[in-house]
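Asks: So that you have it, the file is entry_31.pdb, and it contains PDB, N, CA and C atoms:
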ATOM      1  N   MET A   1      19.391  -5.876   1.310
ATOM      2  CA  MET A   1      20.018  -4.754   1.942
ATOM      3  C   MET A   1      19.086  -4.201   3.017
ATOM      4  N   THR A   2      19.615  -3.883   4.173
ATOM      5  CA  THR A   2      18.843  -3.372   5.285
ATOM      6  C   THR A   2      19.246  -1.938   5.578
ATOM      7  N   TYR A   3      18.255  -1.090   5.821
ATOM      8  CA  TYR A   3      18.511   0.303   6.164
ATOM      9  C   TYR A   3      18.617   0.411   7.675
ATOM     10  N   ASP A   4      19.738   0.930   8.170
ATOM     11  CA  ASP A   4      19.958   1.040   9.611
ATOM     12  C   ASP A   4      19.939   2.482  10.110
ATOM     13  N   GLY A   5      19.578   3.424   9.267
ATOM     14  CA  GLY A   5      19.562   4.835   9.640
ATOM     15  C   GLY A   5      18.321   5.190  10.440
ATOM     16  N   PRO A   6      18.137   6.470  10.696
ATOM     17  CA  PRO A   6      16.978   6.920  11.465
ATOM     18  C   PRO A   6      15.681   6.707  10.692
ATOM     19  N   GLU A   7      14.608   6.515  11.417
ATOM     20  CA  GLU A   7      13.286   6.334  10.817
ATOM     21  C   GLU A   7      12.881   7.620  10.097
ATOM     22  N   ARG A   8      12.488   7.487   8.838
ATOM     23  CA  ARG A   8      12.113   8.654   8.049
ATOM     24  C   ARG A   8      10.608   8.754   7.840
ATOM     25  N   ARG A   9       9.886   7.753   8.213
ATOM     26  CA  ARG A   9       8.444   7.763   7.981
ATOM     27  C   ARG A   9       7.755   8.662   8.995
ATOM     28  N   GLU A  10       6.715   9.347   8.524
ATOM     29  CA  GLU A  10       5.970  10.246   9.391
ATOM     30  C   GLU A  10       4.898   9.514  10.179
ATOM     31  N   SER A  11       4.406   8.393   9.676
ATOM     32  CA  SER A  11       3.325   7.653  10.316
ATOM     33  C   SER A  11       3.791   6.252  10.672
ATOM     34  N   PRO A  12       3.313   5.717  11.801
ATOM     35  CA  PRO A  12       3.667   4.334  12.127
ATOM     36  C   PRO A  12       3.123   3.386  11.066
ATOM     37  N   ARG A  13       3.866   2.319  10.798
ATOM     38  CA  ARG A  13       3.401   1.330   9.842
ATOM     39  C   ARG A  13       3.047   0.058  10.594
ATOM     40  N   TYR A  14       2.136  -0.708  10.030
ATOM     41  CA  TYR A  14       1.602  -1.894  10.679
ATOM     42  C   TYR A  14       1.761  -3.103   9.779
ATOM     43  N   ARG A  15       2.129  -4.229  10.383
ATOM     44  CA  ARG A  15       2.174  -5.494   9.647
ATOM     45  C   ARG A  15       0.744  -5.983   9.481
ATOM     46  N   VAL A  16       0.403  -6.274   8.258
ATOM     47  CA  VAL A  16      -0.927  -6.782   7.937
ATOM     48  C   VAL A  16      -0.766  -7.874   6.892
ATOM     49  N   SER A  17      -1.817  -8.538   6.585
ATOM     50  CA  SER A  17      -1.850  -9.485   5.476
ATOM     51  C   SER A  17      -3.230  -9.354   4.852
ATOM     52  N   LEU A  18      -3.321  -8.442   3.890
ATOM     53  CA  LEU A  18      -4.594  -8.123   3.267
ATOM     54  C   LEU A  18      -4.516  -8.370   1.773
ATOM     55  N   ARG A  19      -5.448  -9.150   1.260
ATOM     56  CA  ARG A  19      -5.492  -9.402  -0.180
ATOM     57  C   ARG A  19      -5.784  -8.090  -0.893
ATOM     58  N   ALA A  20      -5.193  -7.946  -2.057
ATOM     59  CA  ALA A  20      -5.402  -6.713  -2.812
ATOM     60  C   ALA A  20      -5.333  -6.984  -4.303
ATOM     61  N   ARG A  21      -6.015  -6.131  -5.034
ATOM     62  CA  ARG A  21      -5.873  -6.076  -6.485
ATOM     63  C   ARG A  21      -5.297  -4.722  -6.784
ATOM     64  N   TRP A  22      -4.494  -4.642  -7.823
ATOM     65  CA  TRP A  22      -3.880  -3.359  -8.137
ATOM     66  C   TRP A  22      -3.678  -3.212  -9.622
ATOM     67  N   GLY A  23      -3.549  -1.973 -10.049
ATOM     68  CA  GLY A  23      -3.315  -1.705 -11.456
ATOM     69  C   GLY A  23      -2.913  -0.263 -11.665
ATOM     70  N   GLY A  24      -2.472   0.000 -12.877
ATOM     71  CA  GLY A  24      -2.044   1.348 -13.242
ATOM     72  C   GLY A  24      -3.193   2.161 -13.793
ATOM     73  N   GLU A  25      -2.860   3.128 -14.617
ATOM     74  CA  GLU A  25      -3.873   4.019 -15.170
ATOM     75  C   GLU A  25      -4.928   3.251 -15.954
ATOM     76  N   GLN A  26      -4.504   2.212 -16.670
ATOM     77  CA  GLN A  26      -5.471   1.328 -17.311
ATOM     78  C   GLN A  26      -5.598   0.099 -16.411
ATOM     79  N   TRP A  27      -6.697   0.055 -15.681
ATOM     80  CA  TRP A  27      -6.897  -0.973 -14.659
ATOM     81  C   TRP A  27      -6.739  -2.363 -15.252
ATOM     82  N   ASP A  28      -5.873  -3.165 -14.640
ATOM     83  CA  ASP A  28      -5.704  -4.538 -15.104
ATOM     84  C   ASP A  28      -5.854  -5.541 -13.967
ATOM     85  N   GLY A  29      -6.170  -5.090 -12.775
ATOM     86  CA  GLY A  29      -6.534  -5.968 -11.675
ATOM     87  C   GLY A  29      -5.545  -7.060 -11.332
ATOM     88  N   ARG A  30      -4.261  -6.742 -11.313
ATOM     89  CA  ARG A  30      -3.276  -7.732 -10.876
ATOM     90  C   ARG A  30      -3.448  -7.972  -9.382
ATOM     91  N   GLU A  31      -2.983  -9.115  -8.895
ATOM     92  CA  GLU A  31      -3.203  -9.461  -7.496
ATOM     93  C   GLU A  31      -1.924  -9.420  -6.688
ATOM     94  N   GLY A  32      -2.094  -9.191  -5.393
ATOM     95  CA  GLY A  32      -0.976  -9.161  -4.472
ATOM     96  C   GLY A  32      -1.482  -9.173  -3.047
ATOM     97  N   THR A  33      -0.565  -8.974  -2.113
ATOM     98  CA  THR A  33      -0.899  -8.933  -0.696
ATOM     99  C   THR A  33      -0.234  -7.717  -0.071
ATOM    100  N   VAL A  34      -1.027  -6.888   0.596
ATOM    101  CA  VAL A  34      -0.472  -5.760   1.344
ATOM    102  C   VAL A  34       0.045  -6.326   2.659
ATOM    103  N   VAL A  35       1.340  -6.145   2.914
ATOM    104  CA  VAL A  35       1.954  -6.712   4.123
ATOM    105  C   VAL A  35       2.429  -5.641   5.101
ATOM    106  N   ASN A  36       2.417  -4.403   4.671
ATOM    107  CA  ASN A  36       2.894  -3.298   5.488
ATOM    108  C   ASN A  36       2.024  -2.101   5.126
ATOM    109  N   LEU A  37       1.400  -1.459   6.134
ATOM    110  CA  LEU A  37       0.430  -0.411   5.854
ATOM    111  C   LEU A  37       0.579   0.724   6.848
ATOM    112  N   SER A  38       0.503   1.955   6.350
ATOM    113  CA  SER A  38       0.486   3.132   7.211
ATOM    114  C   SER A  38      -0.495   4.134   6.624
ATOM    115  N   ALA A  39      -0.648   5.264   7.278
ATOM    116  CA  ALA A  39      -1.524   6.307   6.765
ATOM    117  C   ALA A  39      -0.951   6.937   5.504
ATOM    118  N   ASP A  40       0.353   6.734   5.270
ATOM    119  CA  ASP A  40       1.022   7.370   4.142
ATOM    120  C   ASP A  40       1.324   6.457   2.968
ATOM    121  N   GLY A  41       1.293   5.126   3.177
ATOM    122  CA  GLY A  41       1.639   4.219   2.094
ATOM    123  C   GLY A  41       1.540   2.766   2.485
ATOM    124  N   CYS A  42       1.987   1.895   1.581
ATOM    125  CA  CYS A  42       1.944   0.461   1.852
ATOM    126  C   CYS A  42       2.983  -0.263   1.004
ATOM    127  N   PHE A  43       3.214  -1.536   1.342
ATOM    128  CA  PHE A  43       4.053  -2.407   0.533
ATOM    129  C   PHE A  43       3.188  -3.551   0.053
ATOM    130  N   VAL A  44       3.229  -3.813  -1.256
ATOM    131  CA  VAL A  44       2.435  -4.865  -1.883
ATOM    132  C   VAL A  44       3.378  -5.960  -2.354
ATOM    133  N   VAL A  45       3.162  -7.177  -1.886
ATOM    134  CA  VAL A  45       3.922  -8.332  -2.347
ATOM    135  C   VAL A  45       3.239  -8.859  -3.598
ATOM    136  N   THR A  46       4.011  -8.947  -4.689
ATOM    137  CA  THR A  46       3.490  -9.427  -5.964
ATOM    138  C   THR A  46       4.660  -9.830  -6.852
ATOM    139  N   ASP A  47       4.411 -10.739  -7.776
ATOM    140  CA  ASP A  47       5.429 -11.128  -8.755
ATOM    141  C   ASP A  47       5.424 -10.203  -9.966
ATOM    142  N   ASP A  48       4.348  -9.423 -10.113
ATOM    143  CA  ASP A  48       4.199  -8.559 -11.282
ATOM    144  C   ASP A  48       5.141  -7.363 -11.218
ATOM    145  N   ALA A  49       5.610  -6.951 -12.382
ATOM    146  CA  ALA A  49       6.534  -5.817 -12.480
ATOM    147  C   ALA A  49       5.769  -4.497 -12.454
ATOM    148  N   VAL A  50       6.409  -3.486 -11.867
ATOM    149  CA  VAL A  50       5.867  -2.136 -11.809
ATOM    150  C   VAL A  50       7.054  -1.175 -11.845
ATOM    151  N   ALA A  51       6.850  -0.014 -12.437
ATOM    152  CA  ALA A  51       7.946   0.949 -12.570
ATOM    153  C   ALA A  51       7.891   2.000 -11.460
ATOM    154  N   GLU A  52       9.065   2.349 -10.937
ATOM    155  CA  GLU A  52       9.117   3.413  -9.945
ATOM    156  C   GLU A  52       8.576   4.685 -10.570
ATOM    157  N   GLY A  53       7.785   5.428  -9.794
ATOM    158  CA  GLY A  53       7.149   6.639 -10.273
ATOM    159  C   GLY A  53       5.776   6.409 -10.881
ATOM    160  N   GLU A  54       5.438   5.158 -11.156
ATOM    161  CA  GLU A  54       4.135   4.837 -11.764
ATOM    162  C   GLU A  54       3.007   5.123 -10.774
ATOM    163  N   LEU A  55       1.905   5.671 -11.268
ATOM    164  CA  LEU A  55       0.711   5.896 -10.473
ATOM    165  C   LEU A  55      -0.118   4.614 -10.504
ATOM    166  N   VAL A  56      -0.455   4.090  -9.324
ATOM    167  CA  VAL A  56      -1.233   2.851  -9.246
ATOM    168  C   VAL A  56      -2.385   3.020  -8.265
ATOM    169  N   GLN A  57      -3.383   2.190  -8.468
ATOM    170  CA  GLN A  57      -4.462   2.078  -7.501
ATOM    171  C   GLN A  57      -4.369   0.688  -6.881
ATOM    172  N   VAL A  58      -4.444   0.642  -5.552
ATOM    173  CA  VAL A  58      -4.477  -0.623  -4.831
ATOM    174  C   VAL A  58      -5.842  -0.715  -4.165
ATOM    175  N   GLN A  59      -6.576  -1.780  -4.479
ATOM    176  CA  GLN A  59      -7.867  -2.017  -3.849
ATOM    177  C   GLN A  59      -7.653  -3.082  -2.778
ATOM    178  N   VAL A  60      -7.626  -2.640  -1.533
ATOM    179  CA  VAL A  60      -7.345  -3.512  -0.396
ATOM    180  C   VAL A  60      -8.652  -4.116   0.098
ATOM    181  N   GLU A  61      -8.682  -5.451   0.233
ATOM    182  CA  GLU A  61      -9.880  -6.121   0.752
ATOM    183  C   GLU A  61      -9.923  -5.944   2.264
ATOM    184  N   ILE A  62     -11.033  -5.377   2.726
ATOM    185  CA  ILE A  62     -11.227  -5.224   4.164
ATOM    186  C   ILE A  62     -12.457  -6.025   4.551
ATOM    187  N   SER A  63     -12.944  -5.865   5.761
ATOM    188  CA  SER A  63     -14.018  -6.697   6.291
ATOM    189  C   SER A  63     -15.186  -6.854   5.324
ATOM    190  N   GLY A  64     -15.705  -8.066   5.275
ATOM    191  CA  GLY A  64     -16.864  -8.367   4.453
ATOM    192  C   GLY A  64     -16.616  -8.336   2.962
ATOM    193  N   GLY A  65     -15.349  -8.429   2.544
ATOM    194  CA  GLY A  65     -15.027  -8.435   1.134
ATOM    195  C   GLY A  65     -15.067  -7.062   0.482
ATOM    196  N   GLU A  66     -15.320  -6.021   1.279
ATOM    197  CA  GLU A  66     -15.332  -4.656   0.766
ATOM    198  C   GLU A  66     -13.923  -4.249   0.353
ATOM    199  N   ALA A  67     -13.807  -3.462  -0.700
ATOM    200  CA  ALA A  67     -12.499  -3.011  -1.186
ATOM    201  C   ALA A  67     -12.283  -1.541  -0.850
ATOM    202  N   LEU A  68     -11.108  -1.232  -0.331
ATOM    203  CA  LEU A  68     -10.711   0.142  -0.031
ATOM    204  C   LEU A  68      -9.760   0.596  -1.131
ATOM    205  N   PRO A  69     -10.195   1.534  -2.012
ATOM    206  CA  PRO A  69      -9.333   1.979  -3.115
ATOM    207  C   PRO A  69      -8.352   3.049  -2.648
ATOM    208  N   LEU A  70      -7.070   2.804  -2.855
ATOM    209  CA  LEU A  70      -6.015   3.726  -2.446
ATOM    210  C   LEU A  70      -5.124   4.017  -3.643
ATOM    211  N   TRP A  71      -4.935   5.287  -3.978
ATOM    212  CA  TRP A  71      -4.082   5.694  -5.092
ATOM    213  C   TRP A  71      -2.743   6.158  -4.567
ATOM    214  N   GLY A  72      -1.682   5.842  -5.300
ATOM    215  CA  GLY A  72      -0.369   6.322  -4.903
ATOM    216  C   GLY A  72       0.661   6.139  -5.996
ATOM    217  N   SER A  73       1.843   6.666  -5.731
ATOM    218  CA  SER A  73       2.967   6.550  -6.658
ATOM    219  C   SER A  73       3.955   5.532  -6.131
ATOM    220  N   VAL A  74       4.464   4.701  -7.021
ATOM    221  CA  VAL A  74       5.455   3.695  -6.643
ATOM    222  C   VAL A  74       6.756   4.422  -6.285
ATOM    223  N   ILE A  75       7.240   4.201  -5.057
ATOM    224  CA  ILE A  75       8.477   4.850  -4.624
ATOM    225  C   ILE A  75       9.639   3.870  -4.542
ATOM    226  N   HIS A  76       9.329   2.578  -4.567
ATOM    227  CA  HIS A  76      10.381   1.562  -4.501
ATOM    228  C   HIS A  76       9.823   0.266  -5.075
ATOM    229  N   SER A  77      10.623  -0.418  -5.874
ATOM    230  CA  SER A  77      10.197  -1.672  -6.477
ATOM    231  C   SER A  77      11.325  -2.692  -6.373
ATOM    232  N   VAL A  78      10.964  -3.909  -6.004
ATOM    233  CA  VAL A  78      11.923  -5.006  -5.927
ATOM    234  C   VAL A  78      11.420  -6.092  -6.876
ATOM    235  N   GLU A  79      12.146  -6.308  -7.970
ATOM    236  CA  GLU A  79      11.711  -7.253  -8.994
ATOM    237  C   GLU A  79      11.435  -8.633  -8.398
ATOM    238  N   GLY A  80      10.262  -9.155  -8.709
ATOM    239  CA  GLY A  80       9.874 -10.480  -8.245
ATOM    240  C   GLY A  80       9.449 -10.529  -6.788
ATOM    241  N   ARG A  81       9.437  -9.385  -6.110
ATOM    242  CA  ARG A  81       9.065  -9.367  -4.688
ATOM    243  C   ARG A  81       7.891  -8.455  -4.405
ATOM    244  N   GLY A  82       7.909  -7.241  -4.999
ATOM    245  CA  GLY A  82       6.807  -6.329  -4.767
ATOM    246  C   GLY A  82       7.230  -4.878  -4.870
ATOM    247  N   PHE A  83       6.388  -3.990  -4.336
ATOM    248  CA  PHE A  83       6.651  -2.563  -4.452
ATOM    249  C   PHE A  83       6.022  -1.789  -3.299
ATOM    250  N   ALA A  84       6.580  -0.613  -3.057
ATOM    251  CA  ALA A  84       6.055   0.300  -2.045
ATOM    252  C   ALA A  84       5.444   1.497  -2.744
ATOM    253  N   ILE A  85       4.315   1.973  -2.228
ATOM    254  CA  ILE A  85       3.730   3.191  -2.760
ATOM    255  C   ILE A  85       3.534   4.208  -1.639
ATOM    256  N   ARG A  86       3.607   5.462  -2.032
ATOM    257  CA  ARG A  86       3.238   6.572  -1.148
ATOM    258  C   ARG A  86       1.884   7.038  -1.634
ATOM    259  N   PHE A  87       0.912   7.051  -0.716
ATOM    260  CA  PHE A  87      -0.437   7.416  -1.105
ATOM    261  C   PHE A  87      -0.513   8.865  -1.552
ATOM    262  N   SER A  88      -1.343   9.084  -2.564
ATOM    263  CA  SER A  88      -1.677  10.434  -3.006
ATOM    264  C   SER A  88      -2.667  11.012  -1.998
ATOM    265  N   THR A  89      -2.842  12.318  -2.040
ATOM    266  CA  THR A  89      -3.879  12.924  -1.218
ATOM    267  C   THR A  89      -5.203  12.411  -1.760
ATOM    268  N   PHE A  90      -5.963  11.807  -0.892
ATOM    269  CA  PHE A  90      -7.237  11.256  -1.345
ATOM    270  C   PHE A  90      -8.323  11.549  -0.317
ATOM    271  N   SER A  91      -9.517  11.789  -0.801
ATOM    272  CA  SER A  91     -10.632  12.052   0.097
ATOM    273  C   SER A  91     -11.944  11.532  -0.478
ATOM    274  N   GLN A  92     -11.931  11.066  -1.708
ATOM    275  CA  GLN A  92     -13.146  10.594  -2.343
ATOM    276  C   GLN A  92     -13.690   9.363  -1.642
ATOM    277  N   GLY A  93     -14.981   9.363  -1.414
ATOM    278  CA  GLY A  93     -15.645   8.205  -0.836
ATOM    279  C   GLY A  93     -15.216   7.891   0.581
ATOM    280  N   GLY A  94     -14.637   8.854   1.280
ATOM    281  CA  GLY A  94     -14.232   8.622   2.667
ATOM    282  C   GLY A  94     -13.051   7.685   2.811
ATOM    283  N   ALA A  95     -12.205   7.566   1.774
ATOM    284  CA  ALA A  95     -11.078   6.624   1.817
ATOM    285  C   ALA A  95     -10.134   6.919   2.980
ATOM    286  N   ARG A  96      -9.845   8.188   3.258
ATOM    287  CA  ARG A  96      -8.932   8.538   4.350
ATOM    288  C   ARG A  96      -9.496   8.066   5.691
ATOM    289  N   GLU A  97     -10.779   8.282   5.920
ATOM    290  CA  GLU A  97     -11.415   7.862   7.164
ATOM    291  C   GLU A  97     -11.443   6.341   7.290
ATOM    292  N   ARG A  98     -11.729   5.662   6.185
ATOM    293  CA  ARG A  98     -11.768   4.201   6.205
ATOM    294  C   ARG A  98     -10.384   3.622   6.462
ATOM    295  N   LEU A  99      -9.335   4.255   5.898
ATOM    296  CA  LEU A  99      -7.970   3.808   6.154
ATOM    297  C   LEU A  99      -7.618   4.009   7.625
ATOM    298  N   SER A 100      -7.989   5.133   8.208
ATOM    299  CA  SER A 100      -7.720   5.388   9.634
ATOM    300  C   SER A 100      -8.380   4.330  10.510
ATOM    301  N   ALA A 101      -9.612   3.981  10.194
ATOM    302  CA  ALA A 101     -10.309   2.955  10.956
ATOM    303  C   ALA A 101      -9.622   1.599  10.828
ATOM    304  N   LEU A 102      -9.146   1.288   9.631
ATOM    305  CA  LEU A 102      -8.436   0.019   9.401
ATOM    306  C   LEU A 102      -7.154  -0.028  10.211
ATOM    307  N   LEU A 103      -6.423   1.074  10.257
ATOM    308  CA  LEU A 103      -5.160   1.118  11.008
ATOM    309  C   LEU A 103      -5.407   0.976  12.513
ATOM    310  N   LYS A 104      -6.520   1.497  13.006
ATOM    311  CA  LYS A 104      -6.838   1.361  14.432
ATOM    312  C   LYS A 104      -7.053  -0.102  14.804
ATOM    313  N   GLN A 105      -7.489  -0.909  13.837
ATOM    314  CA  GLN A 105      -7.709  -2.340  14.079
ATOM    315  C   GLN A 105      -6.419  -3.140  14.057
ATOM    316  N   ALA A 106      -5.379  -2.582  13.445
ATOM    317  CA  ALA A 106      -4.092  -3.292  13.347
ATOM    318  C   ALA A 106      -3.511  -3.459  14.756
ATOM    319  N   ALA A 107      -2.920  -4.595  14.999
ATOM    320  CA  ALA A 107      -2.444  -4.931  16.342
ATOM    321  C   ALA A 107      -1.286  -4.075  16.814
ATOM    322  N   ALA A 108      -0.141  -4.184  16.176
ATOM    323  CA  ALA A 108       1.064  -3.501  16.659
ATOM    324  C   ALA A 108       1.854  -2.947  15.486
ATOM    325  N   PRO A 109       2.494  -1.796  15.698
ATOM    326  CA  PRO A 109       3.322  -1.248  14.614
ATOM    327  C   PRO A 109       4.426  -2.206  14.215
ATOM    328  N   ALA A 110       4.804  -2.171  12.941
ATOM    329  CA  ALA A 110       5.920  -2.976  12.437
ATOM    330  C   ALA A 110       7.232  -2.301  12.834
ATOM    331  N   ASP A 111       8.298  -3.057  12.769
ATOM    332  CA  ASP A 111       9.615  -2.494  13.090
ATOM    333  C   ASP A 111      10.062  -1.533  12.039
TER     334      ASP A 111
END
Let me see the file written as structure tokens.

Replies:
Amino acid sequence: MTYDGPERRESPRYRVSLRARWGGEQWDGREGTVVNLSADGCFVVTDDAVAEGELVQVQVEISGGEALPLWGSVIHSVEGRGFAIRFSTFSQGGARERLSALLKQAAAPAD
């Protein structure tokens, strides 16, 4: 199903392909790929199941194998395909600044 209505996102999103590990409150380090990223959230491609509303941490691999930890709530899940999260307010360890720098490196906004 495709949404054809007006854009509701507050921040531009970028197509990326970044390896990630993710898990819920009890970290279990499941793997996936972040394919869509913005200052407000991301979409993770994974075969693993996740429940809408669940709080998850996504550790996105950035340059040099460093991991950027991002916390958020699952706002949409597609069984066998992946899930979207909206990031929580975060400031620990400079995560917001590191995410901004990562987005500046992204080539072009996604559709």

Asks: Which residues are close to Ile62 (chain A), i.e. within 8 Å by all atoms listed in the file, leaving aside same-chain residues fewer than 5 positions away? Reply as a list in words.

Replies: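 After dropping sequence-adjacent residues, the list is Leu18, Arg19, Ala20, Ala67, Leu68 and Leu102 of chain A.
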
Asks: For the selection you just gave me, I'd like the residues written to a file as a PDB file, in the coordinates of the input, keeping N, CA and C atoms.

Replies:
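Resulting contents of again_20.pdb:
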ATOM      1  N   LEU A  18      -3.321  -8.442   3.890  1.00  0.00           N
ATOM      2  CA  LEU A  18      -4.594  -8.123   3.267  1.00  0.00           C
ATOM      3  C   LEU A  18      -4.516  -8.370   1.773  1.00  0.00           C
ATOM      4  N   ARG A  19      -5.448  -9.150   1.260  1.00  0.00           N
ATOM      5  CA  ARG A  19      -5.492  -9.402  -0.180  1.00  0.00           C
ATOM      6  C   ARG A  19      -5.784  -8.090  -0.893  1.00  0.00           C
ATOM      7  N   ALA A  20      -5.193  -7.946  -2.057  1.00  0.00           N
ATOM      8  CA  ALA A  20      -5.402  -6.713  -2.812  1.00  0.00           C
ATOM      9  C   ALA A  20      -5.333  -6.984  -4.303  1.00  0.00           C
ATOM     10  N   ALA A  67     -13.807  -3.462  -0.700  1.00  0.00           N
ATOM     11  CA  ALA A  67     -12.499  -3.011  -1.186  1.00  0.00           C
ATOM     12  C   ALA A  67     -12.283  -1.541  -0.850  1.00  0.00           C
ATOM     13  N   LEU A  68     -11.108  -1.232  -0.331  1.00  0.00           N
ATOM     14  CA  LEU A  68     -10.711   0.142  -0.031  1.00  0.00           C
ATOM     15  C   LEU A  68      -9.760   0.596  -1.131  1.00  0.00           C
ATOM     16  N   LEU A 102      -9.146   1.288   9.631  1.00  0.00           N
ATOM     17  CA  LEU A 102      -8.436   0.019   9.401  1.00  0.00           C
ATOM     18  C   LEU A 102      -7.154  -0.028  10.211  1.00  0.00           C
TER      19      LEU A 102
END

Asks: Counting only C-alpha atoms, what is within 10 Å of Arg30 (chain A), bar same-chain residues fewer than 3 positions away, as a list of chain:residue names?

Replies: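 So the residues in contact are A:Ala20, A:Arg21, A:Trp22, A:Gly23, A:Gly24, A:Trp27, A:Thr46, A:Asp47, A:Asp48, A:Val58.
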
Asks: Find the distance between atom C of Pro69 (chain A) and CA of Gln57 (chain A) and write it in Å to one decimal.

Replies: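 One can read the atom C of Pro69 (chain A) to CA of Gln57 (chain A) distance as 6.3 Å.
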
Asks: For Gly53 (chain A), list every protein, DNA or RNA residue within 12 Å, evaluated using only C-alpha atoms, and leave out those in the same chain fewer than 2 positions away; present the list as a ChimeraX atom specification.

Replies: /A:24,50-51,55-56,72-77,83-87

Asks: Could you write out as lines of an AutoDock Vina configuration file the box around region 33-36 of chain A (axis-aligned, all atoms listed in the file, 8 Å on each side), with centre and edge lengths in Å to one decimal?

Replies:
center_x = 0.9
center_y = -5.5
center_z = 1.7
size_x = 19.9
size_y = 22.9
size_z = 23.6

Asks: Go ahead and compute the interatomic distance for CA of Ser17 (chain A) and CA of Leu37 (chain A), in Å to one decimal.

Replies: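 Straight-line distance from CA of Ser17 (chain A) to CA of Leu37 (chain A) works out to 9.4 Å.
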
Asks: For CA of Val34 (chain A) and CA of Val60 (chain A), determine how far apart the two atoms are, in Å to one decimal place.

Replies: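 It comes out at 7.4 Å.
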
Asks: Restricting the calculation to only C-alpha atoms, which member of A:Leu70, A:Ala39, A:Val16, A:Val78 is positioned closest to Ala101 (chain A)?

Replies: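 Checking each candidate against Ala101 (chain A), we get A:Ala39 as the closest.
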